[in-house]
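Accompanying notes for the structure given below.
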Amino acid sequence: NAGVTQTPKFQVLKTGQSMTLQCAQDMNHEYMSWYRQDPGMGLRLIHYSVGAGITDQGEVPNGYNVSRSTTEDFPLRLLSAAPSQTSVYFCASSYLTSGGKTQYFGPGTRLLVL
Amino acid sequence: AQKITQTQPGMFVQEKEAVTLDCTYDTSDQSYGLFWYKQPSSGEMIFLIYQGSYDEQNATEGRYSLNFQKARKSANLVISASQLGDSAMYFCAMREGNQFYFGTGTSLTVIP
């Protein structure tokens with residue numbers, strides 16, 4: 001079991017560039033989510049999914065797109081990067097029926113937008 | 001309004017002593033979940049403990065216990081017998097429906 005994996009670990013972008021942060025889990029979890037963590041702000045939910053083909057917005061969705069074509073993968077797309085999107089991004093997954101009781105987090109992706 | 005409030009930016013505790021980290025929450029839902037996570041300096045998020053809104057007993061997991069006071073909307077984390085390895089950021093979080101909300105965290109330093 002690899003758990004929740006995220007790639008890349010670190011990325012530098014220029015303003016206006018696009019990129020996709022990858023997230024995959026091998027635990028057959030229905031629920032997957034993306035968070036950003038900024039200094040002094042805790043984690044904030046960007047988007048989440050309760051199953052393949054179903055996604056919804058979290059607290060801070062602007063500037064980000066997601067899709068869930070398979071149970072395993074939940075990529076996060078930045079369409080036109082801005083310096084305000086400099087952050088650490090975490091992907092997480094859990095069984096839906098557990099109410100997120102145990103939410104497994106990936107190791108995070110550090111993104112720097114210049 | 002903040003969904004999760006952690007009012008202690010930093011806390012110090014002597015090794016082997018107990019410490020309480022405060023957390024208050026705001027929701028009008030009857031069904032919700034409360035969580036505590038630990039984030040060491042290495043950056044990973046580690047699940048510590050969970051309390052469901054309908055659970056009558058306070059949750060315990062080893063040296064961690066959650067002091068759940070529903071009427072006061074508080075979910076404080078108690079760490080007993082602190083160890084040097086407990087030095088980390090601690091985040092309180094709430095699940096409301098399919099949304100999760102995190103507090104700003106408390107930095108705990110354990111002093112030898």
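Within each chain, counting starts at residue 1; across the structure tokens, chains are named A, B, ... in the order shown, with ligands numbered 1 upward in that order.
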Wanna dump the segment 11-102 of chain B-segment 86-101 of chain A contacts at 10 Å for me, each residue with its shortest atom pair and the distance in Å to one decimal, counting only C-alpha atoms, ordered by chain and number, as CSV?
```
residue,atom,partner,partner_atom,distance
B:Tyr32,CA,A:Gly99,CA,8.5
B:Gly33,CA,A:Gly99,CA,7.4
B:Leu34,CA,A:Lys101,CA,8.7
B:Phe35,CA,A:Lys101,CA,7.9
B:Gly43,CA,A:Val88,CA,9.5
B:Glu44,CA,A:Phe90,CA,9.1
B:Met45,CA,A:Phe90,CA,8.9
B:Phe47,CA,A:Lys101,CA,9.1
B:Ile49,CA,A:Lys101,CA,8.6
B:Tyr50,CA,A:Lys101,CA,6.3
B:Gln51,CA,A:Lys101,CA,8.5
B:Gly52,CA,A:Lys101,CA,8.6
B:Met94,CA,A:Gly100,CA,9.9
B:Arg95,CA,A:Gly100,CA,7.6
B:Glu96,CA,A:Gly99,CA,9.4
B:Gly97,CA,A:Gly99,CA,8.5
B:Asn98,CA,A:Gly99,CA,8.1
B:Gln99,CA,A:Gly100,CA,9.8
B:Phe100,CA,A:Gly100,CA,9.0
```
Go ahead and save the picked residues with C-alpha atoms, as a PDB file, in the first residue's frame.
```
ATOM      1  CA  TYR B  32     -20.516  16.710  12.542  1.00  0.00           C
ATOM      2  CA  GLY B  33     -17.084  15.347  13.343  1.00  0.00           C
ATOM      3  CA  LEU B  34     -14.166  16.838  15.201  1.00  0.00           C
ATOM      4  CA  PHE B  35     -10.536  15.941  14.602  1.00  0.00           C
ATOM      5  CA  GLY B  43       5.429  18.630   7.282  1.00  0.00           C
ATOM      6  CA  GLU B  44       3.244  15.527   7.163  1.00  0.00           C
ATOM      7  CA  MET B  45      -0.249  15.575   8.648  1.00  0.00           C
ATOM      8  CA  PHE B  47      -4.302  11.993  12.458  1.00  0.00           C
ATOM      9  CA  ILE B  49      -8.121  11.559  17.412  1.00  0.00           C
ATOM     10  CA  TYR B  50     -11.754  11.829  16.303  1.00  0.00           C
ATOM     11  CA  GLN B  51     -14.996  12.732  18.102  1.00  0.00           C
ATOM     12  CA  GLY B  52     -18.405  12.391  16.514  1.00  0.00           C
ATOM     13  CA  MET B  94     -14.311  19.872  11.838  1.00  0.00           C
ATOM     14  CA  ARG B  95     -16.237  17.920   9.226  1.00  0.00           C
ATOM     15  CA  GLU B  96     -19.546  19.495   8.320  1.00  0.00           C
ATOM     16  CA  GLY B  97     -21.251  17.480   5.618  1.00  0.00           C
ATOM     17  CA  ASN B  98     -18.495  16.784   3.103  1.00  0.00           C
ATOM     18  CA  GLN B  99     -16.553  19.920   3.955  1.00  0.00           C
ATOM     19  CA  PHE B 100     -13.612  20.057   6.328  1.00  0.00           C
TER      20      PHE B 100
END
```
Contact table chain B vs chain A, cut-off 6 Å, shortest pair per residue, only C-alpha atoms, as CSV:
```
residue,atom,partner,partner_atom,distance
B:Glu44,CA,A:Pro107,CA,5.5
B:Phe102,CA,A:Leu43,CA,5.6
B:Gly103,CA,A:Gly42,CA,5.6
B:Thr104,CA,A:Gly42,CA,4.2
```
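The environment of segment 10-14 of chain A within 6 Å, counting only C-alpha atoms and disregarding residues fewer than 4 places along the same chain, consists of Thr109, Arg110, Leu111, Leu112, Val113 and Leu114 of chain A.
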For segment 108-111 of chain B: contacts at 8 Å, only C-alpha atoms, fewer than 3 positions along chain excluded, given as a PDB file with all heavy atoms, in the first residue's frame:
```pdb
ATOM      1  N   GLY B  10       0.957  29.526  20.480  1.00  0.00           N
ATOM      2  CA  GLY B  10       2.095  28.746  20.946  1.00  0.00           C
ATOM      3  C   GLY B  10       1.905  28.332  22.390  1.00  0.00           C
ATOM      4  O   GLY B  10       1.342  29.068  23.196  1.00  0.00           O
ATOM      5  N   MET B  11       2.361  27.124  22.700  1.00  0.00           N
ATOM      6  CA  MET B  11       2.271  26.607  24.058  1.00  0.00           C
ATOM      7  C   MET B  11       3.580  25.915  24.410  1.00  0.00           C
ATOM      8  O   MET B  11       4.230  25.325  23.539  1.00  0.00           O
ATOM      9  CB  MET B  11       1.128  25.581  24.158  1.00  0.00           C
ATOM     10  CG  MET B  11      -0.260  26.157  24.060  1.00  0.00           C
ATOM     11  SD  MET B  11      -0.764  26.911  25.609  1.00  0.00           S
ATOM     12  CE  MET B  11      -1.092  25.435  26.595  1.00  0.00           C
ATOM     13  N   PHE B  12       3.928  25.991  25.701  1.00  0.00           N
ATOM     14  CA  PHE B  12       5.104  25.284  26.201  1.00  0.00           C
ATOM     15  C   PHE B  12       4.636  24.337  27.300  1.00  0.00           C
ATOM     16  O   PHE B  12       3.730  24.660  28.068  1.00  0.00           O
ATOM     17  CB  PHE B  12       6.132  26.264  26.773  1.00  0.00           C
ATOM     18  CG  PHE B  12       6.776  27.118  25.731  1.00  0.00           C
ATOM     19  CD1 PHE B  12       6.180  28.322  25.345  1.00  0.00           C
ATOM     20  CD2 PHE B  12       7.962  26.748  25.135  1.00  0.00           C
ATOM     21  CE1 PHE B  12       6.766  29.126  24.381  1.00  0.00           C
ATOM     22  CE2 PHE B  12       8.559  27.550  24.165  1.00  0.00           C
ATOM     23  CZ  PHE B  12       7.959  28.737  23.792  1.00  0.00           C
ATOM     24  N   VAL B  13       5.266  23.168  27.369  1.00  0.00           N
ATOM     25  CA  VAL B  13       4.941  22.223  28.434  1.00  0.00           C
ATOM     26  C   VAL B  13       6.223  21.507  28.840  1.00  0.00           C
ATOM     27  O   VAL B  13       7.100  21.239  28.009  1.00  0.00           O
ATOM     28  CB  VAL B  13       3.859  21.213  27.983  1.00  0.00           C
ATOM     29  CG1 VAL B  13       4.348  20.345  26.833  1.00  0.00           C
ATOM     30  CG2 VAL B  13       3.399  20.352  29.153  1.00  0.00           C
ATOM     31  N   GLN B  14       6.312  21.226  30.126  1.00  0.00           N
ATOM     32  CA  GLN B  14       7.459  20.479  30.620  1.00  0.00           C
ATOM     33  C   GLN B  14       7.274  19.010  30.256  1.00  0.00           C
ATOM     34  O   GLN B  14       6.146  18.481  30.288  1.00  0.00           O
ATOM     35  CB  GLN B  14       7.519  20.630  32.145  1.00  0.00           C
ATOM     36  CG  GLN B  14       8.892  20.449  32.760  1.00  0.00           C
ATOM     37  CD  GLN B  14       9.792  21.639  32.526  1.00  0.00           C
ATOM     38  OE1 GLN B  14       9.360  22.790  32.544  1.00  0.00           O
ATOM     39  NE2 GLN B  14      11.068  21.352  32.320  1.00  0.00           N
ATOM     40  N   GLU B  15       8.362  18.372  29.904  1.00  0.00           N
ATOM     41  CA  GLU B  15       8.323  16.938  29.619  1.00  0.00           C
ATOM     42  C   GLU B  15       7.659  16.204  30.783  1.00  0.00           C
ATOM     43  O   GLU B  15       7.865  16.544  31.961  1.00  0.00           O
ATOM     44  CB  GLU B  15       9.751  16.428  29.412  1.00  0.00           C
ATOM     45  CG  GLU B  15       9.868  15.063  28.797  1.00  0.00           C
ATOM     46  CD  GLU B  15      11.315  14.647  28.595  1.00  0.00           C
ATOM     47  OE1 GLU B  15      12.220  15.420  29.009  1.00  0.00           O
ATOM     48  OE2 GLU B  15      11.547  13.571  28.025  1.00  0.00           O
ATOM     49  N   SER B  82       3.648  14.412  28.435  1.00  0.00           N
ATOM     50  CA  SER B  82       4.268  14.936  27.204  1.00  0.00           C
ATOM     51  C   SER B  82       5.668  14.385  26.984  1.00  0.00           C
ATOM     52  O   SER B  82       6.445  14.179  27.934  1.00  0.00           O
ATOM     53  CB  SER B  82       4.341  16.465  27.269  1.00  0.00           C
ATOM     54  OG  SER B  82       3.061  17.021  27.336  1.00  0.00           O
ATOM     55  N   GLN B  83       5.974  14.167  25.722  1.00  0.00           N
ATOM     56  CA  GLN B  83       7.282  13.673  25.315  1.00  0.00           C
ATOM     57  C   GLN B  83       7.919  14.691  24.370  1.00  0.00           C
ATOM     58  O   GLN B  83       7.217  15.491  23.737  1.00  0.00           O
ATOM     59  CB  GLN B  83       7.139  12.317  24.607  1.00  0.00           C
ATOM     60  CG  GLN B  83       6.491  11.248  25.450  1.00  0.00           C
ATOM     61  CD  GLN B  83       6.184   9.991  24.652  1.00  0.00           C
ATOM     62  OE1 GLN B  83       6.390   9.932  23.430  1.00  0.00           O
ATOM     63  NE2 GLN B  83       5.698   8.967  25.340  1.00  0.00           N
ATOM     64  N   LEU B  84       9.231  14.640  24.258  1.00  0.00           N
ATOM     65  CA  LEU B  84       9.925  15.595  23.380  1.00  0.00           C
ATOM     66  C   LEU B  84       9.415  15.491  21.949  1.00  0.00           C
ATOM     67  O   LEU B  84       9.310  16.489  21.228  1.00  0.00           O
ATOM     68  CB  LEU B  84      11.434  15.358  23.423  1.00  0.00           C
ATOM     69  CG  LEU B  84      12.110  15.600  24.768  1.00  0.00           C
ATOM     70  CD1 LEU B  84      13.598  15.282  24.687  1.00  0.00           C
ATOM     71  CD2 LEU B  84      11.907  17.033  25.250  1.00  0.00           C
ATOM     72  N   GLY B  85       9.049  14.286  21.545  1.00  0.00           N
ATOM     73  CA  GLY B  85       8.529  14.077  20.191  1.00  0.00           C
ATOM     74  C   GLY B  85       7.154  14.674  19.956  1.00  0.00           C
ATOM     75  O   GLY B  85       6.667  14.681  18.817  1.00  0.00           O
ATOM     76  N   ASP B  86       6.522  15.182  21.005  1.00  0.00           N
ATOM     77  CA  ASP B  86       5.218  15.828  20.845  1.00  0.00           C
ATOM     78  C   ASP B  86       5.352  17.259  20.348  1.00  0.00           C
ATOM     79  O   ASP B  86       4.355  17.888  19.986  1.00  0.00           O
ATOM     80  CB  ASP B  86       4.449  15.837  22.179  1.00  0.00           C
ATOM     81  CG  ASP B  86       4.065  14.443  22.631  1.00  0.00           C
ATOM     82  OD1 ASP B  86       3.955  13.535  21.787  1.00  0.00           O
ATOM     83  OD2 ASP B  86       3.882  14.255  23.856  1.00  0.00           O
ATOM     84  N   SER B  87       6.555  17.777  20.322  1.00  0.00           N
ATOM     85  CA  SER B  87       6.766  19.142  19.813  1.00  0.00           C
ATOM     86  C   SER B  87       6.376  19.187  18.337  1.00  0.00           C
ATOM     87  O   SER B  87       6.944  18.475  17.505  1.00  0.00           O
ATOM     88  CB  SER B  87       8.233  19.558  19.977  1.00  0.00           C
ATOM     89  OG  SER B  87       8.574  19.702  21.335  1.00  0.00           O
ATOM     90  N   ALA B  88       5.401  20.017  18.019  1.00  0.00           N
ATOM     91  CA  ALA B  88       4.836  20.056  16.666  1.00  0.00           C
ATOM     92  C   ALA B  88       3.737  21.100  16.624  1.00  0.00           C
ATOM     93  O   ALA B  88       3.402  21.709  17.637  1.00  0.00           O
ATOM     94  CB  ALA B  88       4.261  18.691  16.271  1.00  0.00           C
ATOM     95  N   MET B  89       3.169  21.286  15.424  1.00  0.00           N
ATOM     96  CA  MET B  89       1.938  22.072  15.272  1.00  0.00           C
ATOM     97  C   MET B  89       0.769  21.123  15.430  1.00  0.00           C
ATOM     98  O   MET B  89       0.792  19.985  14.943  1.00  0.00           O
ATOM     99  CB  MET B  89       1.878  22.714  13.886  1.00  0.00           C
ATOM    100  CG  MET B  89       2.743  23.932  13.713  1.00  0.00           C
ATOM    101  SD  MET B  89       2.178  25.341  14.681  1.00  0.00           S
ATOM    102  CE  MET B  89       0.665  25.757  13.822  1.00  0.00           C
ATOM    103  N   TYR B  90      -0.282  21.606  16.076  1.00  0.00           N
ATOM    104  CA  TYR B  90      -1.481  20.808  16.272  1.00  0.00           C
ATOM    105  C   TYR B  90      -2.671  21.572  15.704  1.00  0.00           C
ATOM    106  O   TYR B  90      -2.869  22.749  16.018  1.00  0.00           O
ATOM    107  CB  TYR B  90      -1.697  20.517  17.761  1.00  0.00           C
ATOM    108  CG  TYR B  90      -0.699  19.523  18.290  1.00  0.00           C
ATOM    109  CD1 TYR B  90       0.580  19.939  18.651  1.00  0.00           C
ATOM    110  CD2 TYR B  90      -1.018  18.175  18.395  1.00  0.00           C
ATOM    111  CE1 TYR B  90       1.513  19.031  19.116  1.00  0.00           C
ATOM    112  CE2 TYR B  90      -0.090  17.258  18.864  1.00  0.00           C
ATOM    113  CZ  TYR B  90       1.182  17.696  19.214  1.00  0.00           C
ATOM    114  OH  TYR B  90       2.099  16.796  19.660  1.00  0.00           O
TER     115      TYR B  90
END
```
Item to check | strand (DSSP E) residues, from DSSP on the backbone, in chain B, as a ChimeraX atom specification | outcome: /B:4-5,10-14,19-21,24-25,33-39,46-52,60-61,64-69,74-79,88-96,99-102,106-111
Item to check | Distance query Arg77 of chain A at most 9 Å, only C-alpha atoms, self and fewer than 2 positions along chain excluded, as an MDAnalysis selection string | outcome: chainID A and resid 18:22 63:67 75 79
Item to check | Close residues, Ala24 of chain A itself excluded, 6 Å, only C-alpha atoms, min 6 positions apart in chain, as an MDAnalysis selection string | outcome: chainID A and resid 4:5 72:73
Next on the checklist: Using Å and a single decimal, report how far atom CA of Trp36 of chain B sits from atom CA of Ile79 of chain B.
Outcome noted: 11.3 Å
Next on the checklist: Just to confirm, what's the straight-line distance from atom CA of Asn28 of chain A to atom CA of Gly3 of chain A in Å (one decimal)?
Outcome noted: 10.0 Å
Item to check | Residue contacts of Leu77 of chain B (7 Å, only C-alpha atoms) excluding same-chain residues fewer than 4 positions away, as a PyMOL selection string | outcome: chain B and resi 20-22+64-67
